[in-house]
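Enquirer: mmCIF, C-alpha atoms, saved as input.cif, coming up:
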```cif
data_data
#
loop_
_atom_site.label_atom_id
_atom_site.label_comp_id
_atom_site.auth_asym_id
_atom_site.auth_seq_id
_atom_site.Cartn_x
_atom_site.Cartn_y
_atom_site.Cartn_z
CA MET A 1 7.55 -44.22 -14.49
CA ALA A 2 8.59 -42.57 -17.77
CA ARG A 3 11.69 -40.37 -17.64
CA LYS A 4 11.14 -36.64 -18.21
CA THR A 5 12.21 -35.24 -21.56
CA GLN A 6 14.79 -32.45 -21.58
CA ALA A 7 12.06 -29.85 -22.27
CA GLN A 8 9.96 -31.18 -19.40
CA GLN A 9 12.97 -31.09 -17.10
CA ILE A 10 13.69 -27.46 -18.02
CA GLU A 11 10.06 -26.55 -17.40
CA PHE A 12 10.11 -28.33 -14.04
CA GLU A 13 13.27 -26.47 -12.99
CA ASN A 14 11.75 -23.15 -14.03
CA GLU A 15 8.64 -23.87 -12.00
CA ARG A 16 10.72 -24.74 -8.95
CA ALA A 17 12.79 -21.57 -9.38
CA ALA A 18 9.64 -19.47 -9.68
CA LEU A 19 8.17 -20.84 -6.46
CA ALA A 20 11.32 -21.39 -4.40
CA PHE A 21 11.16 -18.22 -2.34
CA PHE A 22 7.45 -18.49 -1.60
CA GLU A 23 7.76 -22.09 -0.46
CA ASN A 24 10.72 -21.28 1.80
CA ALA A 25 9.09 -18.21 3.28
CA LEU A 26 5.72 -19.85 3.80
CA ALA A 27 7.33 -22.86 5.44
CA ALA A 28 7.77 -20.70 8.54
CA LEU A 29 4.04 -19.98 8.80
CA PRO A 30 2.47 -21.57 11.88
CA ASP A 31 -0.21 -24.10 10.95
CA HIS A 32 -3.25 -23.62 13.19
CA ARG A 33 -4.84 -26.92 12.15
CA ARG A 34 -4.74 -30.08 14.22
CA PRO A 35 -2.44 -32.80 12.83
CA GLN A 36 -5.28 -35.34 12.87
CA GLY A 37 -7.08 -35.45 9.56
CA LYS A 38 -4.92 -32.79 7.90
CA ARG A 39 -5.18 -33.59 4.19
CA TYR A 40 -3.66 -30.52 2.53
CA PRO A 41 -0.20 -29.13 3.36
CA LEU A 42 -0.36 -25.46 4.39
CA VAL A 43 2.29 -24.35 1.88
CA SER A 44 0.43 -26.00 -1.01
CA VAL A 45 -2.86 -24.32 -0.04
CA VAL A 46 -1.33 -20.83 0.22
CA VAL A 47 0.77 -21.16 -2.95
CA ILE A 48 -2.23 -22.32 -5.00
CA ALA A 49 -4.33 -19.47 -3.58
CA LEU A 50 -1.60 -16.99 -4.53
CA MET A 51 -1.23 -18.37 -8.04
CA ALA A 52 -4.99 -18.53 -8.56
CA MET A 53 -5.39 -14.91 -7.44
CA VAL A 54 -2.65 -13.82 -9.83
CA CYS A 55 -4.73 -15.49 -12.56
CA GLY A 56 -7.86 -13.55 -11.67
CA CYS A 57 -9.53 -15.66 -8.97
CA ASP A 58 -10.93 -13.40 -6.25
CA ASP A 59 -12.76 -15.89 -4.06
CA ALA A 60 -12.38 -19.43 -2.72
CA GLU A 61 -14.80 -20.97 -5.21
CA ALA A 62 -12.80 -19.62 -8.15
CA MET A 63 -9.55 -20.80 -6.51
CA GLN A 64 -10.94 -24.33 -6.30
CA ALA A 65 -11.95 -24.24 -9.98
CA TRP A 66 -8.52 -22.95 -11.01
CA GLY A 67 -6.78 -25.63 -8.95
CA GLU A 68 -8.89 -28.40 -10.47
CA THR A 69 -8.25 -27.10 -13.98
CA ASN A 70 -4.47 -27.09 -13.38
CA ALA A 71 -4.36 -30.14 -11.11
CA GLN A 72 -1.96 -32.21 -13.20
CA TRP A 73 0.52 -29.36 -13.60
CA LEU A 74 0.38 -28.37 -9.90
CA ALA A 75 0.93 -31.96 -8.77
CA GLY A 76 4.27 -31.92 -10.58
CA PHE A 77 5.86 -29.55 -8.06
CA LEU A 78 3.49 -29.24 -5.07
CA ASP A 79 2.58 -31.80 -2.43
CA LEU A 80 -1.05 -32.64 -3.23
CA PRO A 81 -1.77 -36.12 -1.83
CA HIS A 82 -5.54 -35.56 -2.14
CA GLY A 83 -5.63 -33.31 -5.17
CA PRO A 84 -6.17 -29.55 -5.22
CA PRO A 85 -7.86 -27.93 -2.16
CA THR A 86 -11.59 -27.29 -2.15
CA GLN A 87 -13.11 -23.90 -1.41
CA ASP A 88 -13.92 -25.07 2.13
CA VAL A 89 -10.23 -25.80 2.66
CA PHE A 90 -9.22 -22.34 1.40
CA LEU A 91 -11.75 -20.65 3.68
CA SER A 92 -10.74 -22.77 6.66
CA VAL A 93 -7.01 -22.16 6.17
CA PHE A 94 -7.25 -18.41 5.60
CA GLY A 95 -9.87 -18.05 8.32
CA GLY A 96 -7.55 -19.58 10.92
CA LEU A 97 -4.18 -18.38 9.59
CA ASP A 98 -2.48 -15.89 11.93
CA PRO A 99 -2.64 -12.52 10.09
CA GLY A 100 0.40 -11.25 11.96
CA ALA A 101 2.53 -14.17 10.82
CA PHE A 102 1.23 -13.91 7.26
CA GLY A 103 1.98 -10.18 7.30
CA THR A 104 5.53 -10.91 8.49
CA VAL A 105 6.10 -13.21 5.51
CA PHE A 106 4.74 -10.48 3.24
CA ARG A 107 7.03 -7.80 4.68
CA GLY A 108 10.05 -10.10 4.42
CA TRP A 109 9.39 -10.59 0.73
CA VAL A 110 8.79 -6.87 0.16
CA GLY A 111 12.07 -6.15 1.95
CA LEU A 112 13.90 -8.09 -0.76
CA LEU A 113 12.08 -6.19 -3.49
CA THR A 114 12.93 -2.79 -2.01
CA LEU A 115 16.63 -3.62 -2.13
CA ARG A 116 16.33 -2.87 -5.85
CA LEU A 117 15.98 0.82 -4.94
CA LYS A 118 19.65 0.72 -3.82
CA GLY A 119 19.25 3.08 -0.90
CA GLN A 120 17.61 5.86 -2.87
CA GLY A 121 15.33 8.28 -1.08
CA LYS A 122 11.79 7.02 -0.85
CA HIS A 123 8.29 8.28 -0.26
CA ILE A 124 5.85 6.22 1.80
CA ALA A 125 2.16 7.09 1.85
CA VAL A 126 0.04 5.71 4.70
CA ASP A 127 -3.73 5.60 4.29
CA GLY A 128 -6.72 3.47 5.23
CA LYS A 129 -9.37 1.64 3.21
CA THR A 130 -12.57 -0.09 4.25
CA SER A 131 -13.63 -3.40 2.66
CA ARG A 132 -17.29 -2.49 2.37
CA ARG A 133 -18.88 -5.95 2.40
CA SER A 134 -16.59 -7.64 4.91
CA GLY A 135 -18.85 -6.71 7.84
CA ASN A 136 -21.81 -8.58 9.25
CA LYS A 137 -24.54 -6.37 10.74
CA THR A 138 -26.47 -9.36 12.05
CA ALA A 139 -23.48 -10.52 14.06
CA GLY A 140 -22.64 -6.96 15.04
CA ARG A 141 -19.29 -7.13 13.27
CA PRO A 142 -18.25 -3.98 11.33
CA ALA A 143 -16.49 -4.05 7.99
CA ILE A 144 -12.73 -4.29 8.37
CA HIS A 145 -10.65 -1.19 7.82
CA THR A 146 -7.05 -1.72 6.73
CA VAL A 147 -4.24 0.81 6.98
CA SER A 148 -1.63 0.29 4.26
CA ALA A 149 1.84 1.69 3.63
CA TRP A 150 2.62 2.29 -0.03
CA MET A 151 5.98 3.18 -1.60
CA SER A 152 5.10 5.52 -4.44
CA GLU A 153 8.31 5.31 -6.50
CA ALA A 154 8.12 1.54 -6.87
CA GLY A 155 4.33 1.15 -6.61
CA LEU A 156 4.80 -1.38 -3.79
CA VAL A 157 2.59 -2.13 -0.83
CA LEU A 158 5.03 -2.36 2.10
CA GLY A 159 2.66 -3.63 4.75
CA GLN A 160 -0.82 -3.42 6.24
CA ARG A 161 -2.55 -3.39 9.61
CA LYS A 162 -6.20 -4.13 10.32
CA THR A 163 -8.37 -1.82 12.45
CA GLU A 164 -11.92 -2.46 13.61
CA GLN A 165 -13.07 1.08 12.85
CA LYS A 166 -11.69 4.02 10.90
CA SER A 167 -11.06 5.97 14.13
CA ASN A 168 -8.66 3.25 15.22
CA GLU A 169 -6.21 4.32 12.51
CA ILE A 170 -4.57 6.38 15.26
CA THR A 171 -3.62 3.12 17.01
CA ALA A 172 -2.89 1.05 13.90
CA ILE A 173 -0.60 3.53 12.13
CA PRO A 174 2.20 3.51 14.77
CA GLU A 175 2.01 -0.29 14.92
CA LEU A 176 2.44 -0.50 11.15
CA LEU A 177 5.22 2.09 11.01
CA ALA A 178 7.13 0.33 13.79
CA VAL A 179 7.71 -2.77 11.62
CA LEU A 180 8.76 -0.90 8.46
CA ASP A 181 12.17 0.33 7.36
CA LEU A 182 11.69 4.11 7.43
CA ARG A 183 15.31 5.13 7.02
CA ARG A 184 15.72 8.03 4.55
CA ALA A 185 11.97 7.93 3.85
CA THR A 186 9.44 10.75 3.83
CA VAL A 187 6.18 9.47 5.31
CA THR A 188 2.98 11.30 4.39
CA ILE A 189 -0.29 10.79 6.25
CA ASP A 190 -3.62 12.62 6.12
CA ALA A 191 -5.02 14.58 9.06
CA MET A 192 -6.14 11.46 10.92
CA GLY A 193 -2.47 10.59 11.39
CA CYS A 194 -1.41 14.04 12.57
CA GLN A 195 -0.54 12.84 16.08
CA THR A 196 2.59 13.45 18.13
CA GLU A 197 3.04 9.72 18.80
CA ILE A 198 2.95 8.96 15.07
CA ALA A 199 5.46 11.73 14.34
CA ARG A 200 7.73 10.35 17.07
CA THR A 201 7.48 6.81 15.67
CA ILE A 202 8.59 8.06 12.26
CA ARG A 203 11.54 10.00 13.68
CA ASP A 204 12.54 7.04 15.87
CA GLY A 205 12.65 5.00 12.65
CA GLU A 206 15.00 7.61 11.12
CA GLY A 207 12.39 8.79 8.65
CA HIS A 208 10.83 12.22 8.14
CA TYR A 209 7.15 13.05 8.49
CA LEU A 210 4.92 15.28 6.38
CA LEU A 211 1.51 15.38 8.04
CA ALA A 212 -1.71 17.09 6.98
CA VAL A 213 -3.14 19.48 9.58
CA LYS A 214 -6.88 20.03 9.98
CA ASP A 215 -9.33 20.92 12.72
CA ASN A 216 -8.59 17.76 14.70
CA GLN A 217 -5.51 19.76 15.81
CA PRO A 218 -7.19 23.18 16.21
CA THR A 219 -4.30 25.02 17.87
CA LEU A 220 -1.75 23.67 15.40
CA HIS A 221 -4.06 24.53 12.49
CA GLN A 222 -4.61 28.06 13.77
CA ASP A 223 -0.88 28.61 14.35
CA ALA A 224 -0.09 27.53 10.78
CA ALA A 225 -2.78 29.83 9.38
CA THR A 226 -1.46 32.72 11.50
CA THR A 227 2.10 32.18 10.27
CA PHE A 228 1.14 32.48 6.62
CA ALA A 229 -1.23 35.37 7.35
CA GLU A 230 1.71 37.22 8.90
CA ALA A 231 3.88 36.39 5.88
CA ALA A 232 1.25 37.84 3.52
CA ASP A 233 0.52 40.95 5.62
CA GLU A 234 1.77 43.97 3.70
CA ARG A 235 1.53 46.13 6.85
CA ARG A 236 4.24 44.03 8.50
CA ARG A 237 6.42 44.54 5.45
CA ALA A 238 6.08 48.29 5.88
CA ILE A 239 6.88 48.14 9.62
CA ASP A 240 9.72 45.66 9.74
CA GLU A 241 10.58 43.33 6.87
CA ALA A 242 13.02 41.42 9.10
CA GLN A 243 10.19 40.24 11.36
CA ARG A 244 8.11 38.96 8.47
CA PRO A 245 8.18 35.15 8.08
CA LYS A 246 10.28 34.10 5.08
CA VAL A 247 8.40 31.89 2.67
CA GLU A 248 9.60 29.78 -0.26
CA VAL A 249 6.96 29.17 -2.96
CA PHE A 250 6.60 26.54 -5.66
CA GLU A 251 3.73 26.64 -8.16
CA GLU A 252 2.54 24.30 -10.89
CA VAL A 253 -0.41 24.39 -13.28
CA ASP A 254 -2.31 21.45 -14.81
CA LYS A 255 -4.82 21.61 -17.64
CA GLY A 256 -7.20 18.79 -18.49
CA HIS A 257 -10.72 17.42 -18.16
CA GLY A 258 -12.14 20.84 -18.93
CA ARG A 259 -10.47 22.69 -16.08
CA VAL A 260 -7.28 24.43 -15.04
CA GLU A 261 -5.82 23.63 -11.63
CA THR A 262 -3.13 25.77 -10.04
CA ARG A 263 -1.31 24.39 -6.99
CA SER A 264 0.85 26.71 -4.95
CA VAL A 265 2.97 25.35 -2.10
CA ALA A 266 4.50 27.82 0.35
CA LEU A 267 7.10 26.51 2.80
CA CYS A 268 8.12 28.40 5.94
CA ARG A 269 10.80 27.48 8.50
CA ASP A 270 9.99 30.37 10.84
CA LEU A 271 8.13 28.68 13.69
CA THR A 272 7.74 31.82 15.84
CA TRP A 273 3.97 31.65 15.74
CA MET A 274 3.82 27.88 16.39
CA THR A 275 2.81 27.73 20.05
CA THR A 276 2.86 23.90 20.14
CA LYS A 277 6.06 23.38 18.16
CA ASP A 278 7.83 21.73 21.11
CA ASN A 279 5.23 18.91 21.08
CA TRP A 280 6.35 17.76 17.63
CA PRO A 281 9.71 15.98 17.43
CA ASP A 282 12.18 17.74 15.15
CA LEU A 283 9.52 19.98 13.62
CA ASN A 284 11.35 21.89 10.90
CA PHE A 285 8.78 23.58 8.66
CA ILE A 286 5.14 24.23 7.95
CA ALA A 287 3.61 24.32 4.48
CA GLN A 288 0.53 25.93 3.00
CA VAL A 289 -1.02 24.36 -0.08
CA THR A 290 -3.43 26.49 -2.10
CA ARG A 291 -5.38 24.73 -4.85
CA THR A 292 -7.35 26.84 -7.31
CA ARG A 293 -9.59 25.16 -9.89
CA GLU A 294 -11.24 26.97 -12.79
CA THR A 295 -13.87 25.21 -14.91
CA MET A 296 -13.27 26.21 -18.52
CA ALA A 297 -16.91 26.02 -19.64
CA THR A 298 -18.51 27.93 -16.77
CA LYS A 299 -15.50 29.98 -15.61
CA GLN A 300 -16.35 28.99 -12.04
CA VAL A 301 -13.39 29.21 -9.68
CA SER A 302 -12.97 27.33 -6.41
CA THR A 303 -10.10 27.62 -3.94
CA GLU A 304 -9.08 25.44 -1.02
CA VAL A 305 -6.22 25.85 1.44
CA ALA A 306 -4.52 23.06 3.40
CA TYR A 307 -1.65 23.01 5.89
CA TYR A 308 1.13 20.49 6.60
CA ILE A 309 3.93 20.09 9.12
CA GLY A 310 7.25 18.43 8.29
CA SER A 311 10.55 17.41 9.85
CA ASP A 312 12.97 17.21 6.92
CA PRO A 313 15.57 20.04 7.17
CA GLU A 314 16.47 19.55 3.50
CA ALA A 315 12.92 19.80 2.20
CA THR A 316 12.06 22.50 -0.33
CA ALA A 317 8.70 23.84 -1.45
CA GLU A 318 9.06 21.76 -4.62
CA SER A 319 9.95 18.50 -2.84
CA ALA A 320 7.10 19.03 -0.37
CA ALA A 321 4.70 19.61 -3.28
CA ARG A 322 5.88 16.40 -4.93
CA SER A 323 5.43 14.34 -1.74
CA ILE A 324 1.98 15.78 -1.04
CA ARG A 325 0.81 15.02 -4.57
CA ARG A 326 2.28 11.52 -4.47
CA HIS A 327 0.38 10.82 -1.29
CA TRP A 328 -3.00 11.15 -2.95
CA ALA A 329 -1.89 8.78 -5.73
CA ILE A 330 -2.42 5.99 -3.19
CA GLU A 331 -6.14 6.42 -3.87
CA THR A 332 -5.81 5.81 -7.62
CA LYS A 333 -2.88 3.40 -7.73
CA LEU A 334 -3.74 1.23 -4.74
CA HIS A 335 -7.27 1.64 -3.39
CA TRP A 336 -8.95 2.16 -6.76
CA VAL A 337 -7.02 -0.73 -8.31
CA LEU A 338 -8.02 -3.05 -5.45
CA ASP A 339 -11.66 -2.17 -6.07
CA MET A 340 -11.60 -2.26 -9.87
CA ALA A 341 -9.08 -5.03 -10.64
CA PHE A 342 -9.68 -7.24 -7.57
CA ARG A 343 -13.32 -6.31 -6.78
CA GLU A 344 -12.31 -5.89 -3.14
CA ASP A 345 -15.40 -3.90 -2.16
CA GLU A 346 -17.56 -6.79 -3.40
CA ALA A 347 -15.71 -9.46 -1.40
CA ARG A 348 -17.88 -11.09 1.27
CA HIS A 349 -15.22 -12.99 3.19
CA ARG A 350 -16.36 -12.54 6.77
CA ALA A 351 -15.40 -15.60 8.79
CA HIS A 352 -12.60 -15.16 11.31
CA ASN A 353 -9.37 -13.89 9.66
CA THR A 354 -10.33 -14.56 6.05
CA ALA A 355 -10.93 -10.96 4.98
CA GLN A 356 -7.71 -9.73 6.56
CA ASN A 357 -5.59 -12.52 5.07
CA PHE A 358 -7.16 -12.10 1.64
CA THR A 359 -6.20 -8.42 1.81
CA VAL A 360 -2.57 -9.49 2.33
CA LEU A 361 -2.93 -11.94 -0.56
CA ARG A 362 -4.19 -9.16 -2.85
CA HIS A 363 -1.22 -7.02 -1.87
CA PHE A 364 1.09 -9.94 -2.69
CA VAL A 365 -0.44 -10.21 -6.16
CA LEU A 366 -0.49 -6.48 -6.85
CA ASN A 367 3.19 -6.21 -5.97
CA LEU A 368 4.02 -9.16 -8.22
CA ILE A 369 2.29 -7.54 -11.17
CA ARG A 370 3.72 -4.08 -10.50
CA GLN A 371 7.26 -5.50 -10.54
CA ASP A 372 6.91 -6.52 -14.19
CA SER A 373 8.86 -3.69 -15.83
CA ASP A 374 7.82 -4.88 -19.31
CA ARG A 375 4.11 -4.79 -18.54
CA ARG A 376 1.96 -3.00 -21.12
CA LEU A 377 -1.44 -4.02 -19.78
CA GLY A 378 -3.40 -2.78 -16.81
CA VAL A 379 -3.54 -4.83 -13.62
CA ALA A 380 -6.87 -6.49 -14.46
CA ASN A 381 -5.75 -7.58 -17.94
CA SER A 382 -2.34 -8.65 -16.63
CA ARG A 383 -4.16 -11.05 -14.32
CA LYS A 384 -6.08 -12.43 -17.28
CA ARG A 385 -2.86 -12.85 -19.24
CA ALA A 386 -1.32 -14.81 -16.36
CA GLY A 387 -4.33 -17.14 -16.51
CA TRP A 388 -3.90 -17.66 -20.24
CA ASP A 389 -0.10 -17.82 -20.38
CA ARG A 390 1.69 -20.08 -17.91
CA ALA A 391 5.08 -18.64 -18.85
CA TYR A 392 3.87 -15.18 -17.87
CA LEU A 393 2.50 -16.52 -14.58
CA LEU A 394 5.90 -18.02 -13.76
CA LYS A 395 7.62 -14.80 -14.79
CA LEU A 396 5.50 -12.84 -12.31
CA LEU A 397 6.18 -15.32 -9.53
CA ALA A 398 9.91 -15.42 -10.19
CA GLY A 399 10.38 -11.80 -11.17
CA VAL A 400 12.36 -12.92 -14.24
CA GLU A 401 11.63 -14.33 -17.69
CA VAL A 402 11.37 -18.13 -17.68
CA GLU A 403 10.96 -20.68 -20.45
CA THR A 404 8.19 -23.22 -20.50
CA GLY A 405 6.70 -25.47 -23.09
CA SER A 406 3.21 -25.36 -21.55
CA ARG A 407 0.52 -22.75 -22.07
#
```
Turn this file's structure into structure tokens for me.
Expert:
Amino acid sequence: MARKTQAQQIEFENERAALAFFENALAALPDHRRPQGKRYPLVSVVVIALMAMVCGCDDAEAMQAWGETNAQWLAGFLDLPHGPPTQDVFLSVFGGLDPGAFGTVFRGWVGLLTLRLKGQGKHIAVDGKTSRRSGNKTAGRPAIHTVSAWMSEAGLVLGQRKTEQKSNEITAIPELLAVLDLRRATVTIDAMGCQTEIARTIRDGEGHYLLAVKDNQPTLHQDAATTFAEAADERRRAIDEAQRPKVEVFEEVDKGHGRVETRSVALCRDLTWMTTKDNWPDLNFIAQVTRTRETMATKQVSTEVAYYIGSDPEATAESAARSIRRHWAIETKLHWVLDMAFREDEARHRAHNTAQNFTVLRHFVLNLIRQDSDRRLGVANSRKRAGWDRAYLLKLLAGVEVETGSR
């Protein structure tokens, strides 16, 4: 066998460095397949699937084509005794792979990435998303709904938990939060997650909660509305200013897309009117968010009011406003990207655990791309670039710039 040139040796070492962590982490994954007739090592199948998805492959057929196209290169550093896996192998492996174990590998890797934040305060948004075409009406199987935790500062998906139906978010959210590092974090969740058990899970994890309040908690909602009504009541000011709830207000105005939006956040620590305050662990404040939108062309004005409860004693109206606004960015920076750049809503993976494990795989890839601090392209075009430029693919996998003579 011919000896490798120096350039080839450098490229080989870079490839090994780029894949070292993934191979070590995936080595702990339990292999559900029987030893008899096993032709493709589990690590090789998962690594190729990950690399192919980075390069824009969203289904098993595309992964097979990418593997065949890059077969010679892959064989240089992966165990492929029978060549690259076929689409049937990808579907079989991800259909039988334990989603819990795969999720554990994912969270372990994310844990290393979050160390880069160096203990800074963090905001974690928790929200659910349905993969529209993952269900099977004929078989009576609904589309899967996945609850994800997203760190807004870093743009990282921290973890995910599958539910069978959207209403089961109430069960899935505490399970997801229980395996995350919540220390020094502010966790925001929409009204579905406004549950005492969820608040307690966050506080047990040494984090702080900021939960939206709607009619699913009618007494809590009414108490919050009463508090701010009392604060705004001029008659109470005339009778006894000392008994009037003290409110701190932060306001910001945005102009764009033909409209002006004014957001006013009022924060109150006076819980006198909160009849259920003892049910909520370490409840420290309530907040009222008033959003007013004026359409420039028609001069039409619409106003909506929302309420939140929070536990952070150091929160201000401004910090609460920032966390609330960051929460809704999960829709545009995670859910929308999964649909537009990964075509998640079009995915038809339905057999066994395939849909759930492919969701984890997408989160792997999205985090890899988001960690490229030099990136100038959107997620979809970054995936294309990785497919065109092997050096860039290795950079994403390793998290650092690597040299390679191949393209």
Enquirer: Figure out the distance between atom CA of Asp312 of chain A and atom CA of Leu211 of chain A, please, to one decimal in Å.
Expert: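 So the two atoms, atom CA of Leu211 of chain A and atom CA of Asp312 of chain A, lie 11.7 Å apart.
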Enquirer: Env of segment 207-210 of chain A: 10 Å cut, atoms = all atoms listed in the file, seq-sep filter 4 positions within chain, self excluded. Answer as a ChimeraX atom specification.
Expert: /A:122-125,181-190,194,198-203,281-283,285-287,308-313,315,320,323-324,327
Enquirer: Could you jot down the atom CA of Gly67 of chain A to atom CA of Asp79 of chain A separation for me, Å, one decimal place?
Expert: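 Atom CA of Asp79 of chain A lies at a distance of 13.0 Å from atom CA of Gly67 of chain A.
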Enquirer: To one decimal place, how far is atom CA of Thr303 of chain A from atom CA of Val126 of chain A in Å?
Expert: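 Computed distance, atom CA of Thr303 of chain A to atom CA of Val126 of chain A, equals 25.6 Å.
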Enquirer: With all atoms listed in the file as the basis for distance, which of A:Ala28, A:Ala172, A:Val289, A:Val247 is at the shortest distance from Asp98 of chain A?
Expert: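 Among the listed residues, the smallest separation from Asp98 of chain A belongs to A:Ala28.
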Enquirer: Which of these residues is nearest to Phe228 of chain A, using only C-alpha atoms: A:Leu368, A:Leu158, A:Met274, A:Val47?
Expert: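 Of A:Leu368, A:Leu158, A:Met274, A:Val47, the one nearest Phe228 of chain A is A:Met274, counting only C-alpha atoms.
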Enquirer: Evaluate the PyMOL selection byres ((chain A and resi 262) around 12) and record the selected residues as a list in words, following the chain and residue labels used in the document.
Expert: Phe250, Glu251, Glu252, Val253, Asp254, Lys255, Gly256, Arg259, Val260, Glu261, Arg263, Ser264, Val265, Val289, Thr290, Arg291, Thr292, Arg293, Glu294, Thr295, Val301, Ser302, Thr303, Glu304 and Val305 of chain A
Enquirer: Between A:Leu156, A:Met63, A:Leu78, A:Ala224, which is the closest to Phe106 of chain A once you count only C-alpha atoms?
Expert: A:Leu156
Enquirer: Counting only C-alpha atoms, what is within 10 Å of segment 29-45 of chain A, bar same-chain residues fewer than 3 positions away, as an MDAnalysis selection string?
Expert: chainID A and resid 22:26 48:50 63 67 74:75 77:86 89:90 92:98 100:102 104:105
Enquirer: So, counting all atoms listed in the file, which residue among A:Ile330, A:Ala149, A:Cys268, A:Met192 is closest to Gln217 of chain A?
Expert: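 Looking only at the distances to Gln217 of chain A, the closest residue turns out to be A:Met192.
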Enquirer: I need the output of the PyMOL selection byres ((chain A and resi 52-55) around 8) for this file as a list in words; which residues are they?
Expert: Ile48, Ala49, Leu50, Met51, Gly56, Cys57, Asp58, Ala62, Met63, Trp66, Gly67, Leu361, Arg362, Val365, Arg383, Lys384, Arg385, Ala386, Gly387 and Leu393 of chain A
Enquirer: I'd like to know which of A:Asn367, A:Thr316, A:Ala225, A:Arg244 is closest to Leu267 of chain A, using only C-alpha atoms.
Expert: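 Between A:Asn367, A:Thr316, A:Ala225, A:Arg244, the residue approaching Leu267 of chain A most closely is A:Thr316.
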Enquirer: Counting only C-alpha atoms, I want the residues whose atoms come within 6 Å of (-5.4, -14.1, 5.9) in the file frame, returned as a list in words.
Expert: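 Output: Phe94, Leu97, Pro99, Asn353, Thr354, Gln356, Asn357 and Phe358 of chain A.
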Enquirer: For Gly128 of chain A, which residue out of A:Arg375, A:Lys246, A:His335, A:Arg269 is the nearest one, using only C-alpha atoms?
Expert: A:His335
Enquirer: With a distance cut-off of 9 Å and all atoms listed in the file, select the neighbouring residues of Ala341 of chain A, excluding the residue or stretch itself and same-chain residues fewer than 4 positions from it, and output the selection as an mmCIF file with C-alpha atoms, in the coordinates of the input.
Expert:
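Generated file (out_0.cif):
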```
data_model
loop_
_atom_site.group_PDB
_atom_site.id
_atom_site.type_symbol
_atom_site.label_atom_id
_atom_site.label_comp_id
_atom_site.auth_asym_id
_atom_site.auth_seq_id
_atom_site.Cartn_x
_atom_site.Cartn_y
_atom_site.Cartn_z
ATOM 1 C CA GLY A 56 -7.860 -13.550 -11.670
ATOM 2 C CA TRP A 336 -8.950 2.160 -6.760
ATOM 3 C CA VAL A 337 -7.020 -0.730 -8.310
ATOM 4 C CA GLY A 378 -3.400 -2.780 -16.810
ATOM 5 C CA VAL A 379 -3.540 -4.830 -13.620
ATOM 6 C CA ALA A 380 -6.870 -6.490 -14.460
ATOM 7 C CA ASN A 381 -5.750 -7.580 -17.940
ATOM 8 C CA ARG A 383 -4.160 -11.050 -14.320
#
```
